[in-house]
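Heads up: the structure comes next, in structure tokens.
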4 protein chains.
Amino acid sequence: MPAYTDNRDAHLRRLRRIEGQVRGLQRMVSEDVYCIDVLTQVSAATRALQSFALELLSEHMSGCVVDAARTGQQEGEAKVREAAEAIARLVRS
Amino acid sequence: MPAYTDNRDAHLRRLRRIEGQVRGLQRMVSEDVYCIDVLTQVSAATRALQSFALELLSEHMSGCVVDAARTGQQEGEAKVREAAEAIARLVRS
Amino acid sequence: MPAYTDNRDAHLRRLRRIEGQVRGLQRMVSEDVYCIDVLTQVSAATRALQSFALELLSEHMSGCVVDAARTGQQEGEAKVREAAEAIARLVRS
Amino acid sequence: MPAYTDNRDAHLRRLRRIEGQVRGLQRMVSEDVYCIDVLTQVSAATRALQSFALELLSEHMSGCVVDAARTGQQEGEAKVREAAEAIARLVRS
């Protein structure tokens, strides 16, 4: 089971809030709300997605990465490499 | 009417696709999908939101900002200041 | 002359400070400073570069973009397109 | 010694190249180069700083974080927490 399972309900609540933000964006666009106000809301949704990603990543590292390292040097390094690639995708997105 | 009105349907389709991505994230979390795969999907949703923002901003500048500048120097500068603040929020989010 | 010419001295001071931050990073790496402290300084230098970019962009839009729009609709839109591409590069970097 | 010591020379070369990019920016501003071209170079320097950070972070995790985890669960989690905060600063900068 992934490391985030303990916090699954908190994650789902968070994602439902983000889904609400994206639906709010659709409403704003349908109602011809001023571009700048739409953009402010897009920035808020982007930041919420990033916070979710950082939280998930942190749990993954405390869980899977630490466990793998405790199993063996190689296992640890393999998990670190995988996490480092995910971090690069986040930093560049 | 905001500058994006002509492309409203395209924007709404785009936002519905992003909403689908966020619902996909909820499904992944409910089904205990591996963290790294969840993170890959978060990066994709973040990039989709950013592309939407860049598109909207570009239309806003070609429309509202250019129109305001053609009305008067001061009007143009006021709209530019407002757009610059929105850009700063995007770059920092 | 580019729109930033009036503020050229302020920009140069800012860039020299950023150069100092990058030289500081070299000193830290030479002296085997702890990775996390190096990373904190990298984040500071990145943010300083982004603030410089946002300032320059804002001056460019108040100057060149507004002027071009006041010259003609097409001229304005061409400058906006060019600025929008620069903004996309900033947001994605 | 930090995990990056083996690659110290490569890191220093990389940082000197970034210093050169920042000095190039000063030259561009002194010579009144067109704003958009300055901005393109700022984006390149920002991306180079981020790549350096990602590389350093990846070495830190393969080295210090894995070592700490192999020493003990608590040691591993402390290093992960510290790394997660550095990652959050990078993602938000």
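Identifiers for the structure tokens are assigned positionally: chains receive A, B, ... in sequence, residues are indexed from 1 per chain, and ligands are indexed from 1 in the order shown.
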Item checked: Interface, chain D side, toward chain C (8 Å; only C-alpha atoms) as a PyMOL selection string -> chain D and resi 1-5+8+11-12+15-16+18-19+22-23+25-26+29-30+32-36+39-40+42-44+46-47+49-50+53+56-57+60+82-83+86+89-90+93
Item checked: alpha helix (DSSP H) per DSSP on the backbone: members of segment 20-69 of chain A, as a ChimeraX atom specification -> /A:20-30,35-60,66-69
Those residues you just picked out, can you put them in a file as a PDB file, in the first residue's frame with C-alpha atoms?
```
ATOM      1  CA  GLY A  20     -14.459  22.619  -7.095  1.00  0.00           C
ATOM      2  CA  GLN A  21     -11.946  25.316  -8.028  1.00  0.00           C
ATOM      3  CA  VAL A  22     -11.771  23.998 -11.611  1.00  0.00           C
ATOM      4  CA  ARG A  23     -15.582  23.911 -11.823  1.00  0.00           C
ATOM      5  CA  GLY A  24     -15.583  27.471 -10.454  1.00  0.00           C
ATOM      6  CA  LEU A  25     -13.299  28.417 -13.363  1.00  0.00           C
ATOM      7  CA  GLN A  26     -15.824  26.978 -15.836  1.00  0.00           C
ATOM      8  CA  ARG A  27     -18.582  29.032 -14.219  1.00  0.00           C
ATOM      9  CA  MET A  28     -16.445  32.178 -14.426  1.00  0.00           C
ATOM     10  CA  VAL A  29     -15.726  31.602 -18.122  1.00  0.00           C
ATOM     11  CA  SER A  30     -19.423  30.872 -18.873  1.00  0.00           C
ATOM     12  CA  CYS A  35      -9.871  37.721 -17.508  1.00  0.00           C
ATOM     13  CA  ILE A  36      -7.682  38.939 -14.676  1.00  0.00           C
ATOM     14  CA  ASP A  37     -10.089  37.537 -12.082  1.00  0.00           C
ATOM     15  CA  VAL A  38     -10.133  34.203 -13.920  1.00  0.00           C
ATOM     16  CA  LEU A  39      -6.316  34.213 -13.918  1.00  0.00           C
ATOM     17  CA  THR A  40      -6.195  34.852 -10.156  1.00  0.00           C
ATOM     18  CA  GLN A  41      -8.357  31.781  -9.640  1.00  0.00           C
ATOM     19  CA  VAL A  42      -6.146  29.707 -12.003  1.00  0.00           C
ATOM     20  CA  SER A  43      -3.095  30.661  -9.915  1.00  0.00           C
ATOM     21  CA  ALA A  44      -4.919  29.546  -6.764  1.00  0.00           C
ATOM     22  CA  ALA A  45      -5.815  26.157  -8.293  1.00  0.00           C
ATOM     23  CA  THR A  46      -2.248  25.662  -9.557  1.00  0.00           C
ATOM     24  CA  ARG A  47      -0.840  26.406  -6.114  1.00  0.00           C
ATOM     25  CA  ALA A  48      -3.330  23.990  -4.516  1.00  0.00           C
ATOM     26  CA  LEU A  49      -2.229  21.219  -6.924  1.00  0.00           C
ATOM     27  CA  GLN A  50       1.418  21.932  -6.122  1.00  0.00           C
ATOM     28  CA  SER A  51       0.800  21.791  -2.369  1.00  0.00           C
ATOM     29  CA  PHE A  52      -0.954  18.464  -2.832  1.00  0.00           C
ATOM     30  CA  ALA A  53       2.025  17.175  -4.855  1.00  0.00           C
ATOM     31  CA  LEU A  54       4.532  18.351  -2.225  1.00  0.00           C
ATOM     32  CA  GLU A  55       2.549  16.682   0.542  1.00  0.00           C
ATOM     33  CA  LEU A  56       2.304  13.398  -1.386  1.00  0.00           C
ATOM     34  CA  LEU A  57       5.983  13.493  -2.259  1.00  0.00           C
ATOM     35  CA  SER A  58       6.961  14.102   1.336  1.00  0.00           C
ATOM     36  CA  GLU A  59       4.897  11.104   2.501  1.00  0.00           C
ATOM     37  CA  HIS A  60       6.358   8.982  -0.288  1.00  0.00           C
ATOM     38  CA  VAL A  66      13.176   5.336   3.731  1.00  0.00           C
ATOM     39  CA  ASP A  67      11.845   1.730   3.756  1.00  0.00           C
ATOM     40  CA  ALA A  68      13.695   0.880   0.556  1.00  0.00           C
ATOM     41  CA  ALA A  69      16.923   2.380   1.902  1.00  0.00           C
TER      42      ALA A  69
END
```
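We find atom CA of Gln73 of chain D and atom CA of Gly63 of chain A to be spaced 9.9 Å apart.
Atom CA of Ala78 of chain C sits 15.8 Å away from atom CA of Val80 of chain B.
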Margin query: Between atom CA of Ser62 of chain B and atom CA of Asp6 of chain C, what distance in Å does the model show, to one decimal?
Written below: 26.1 Å
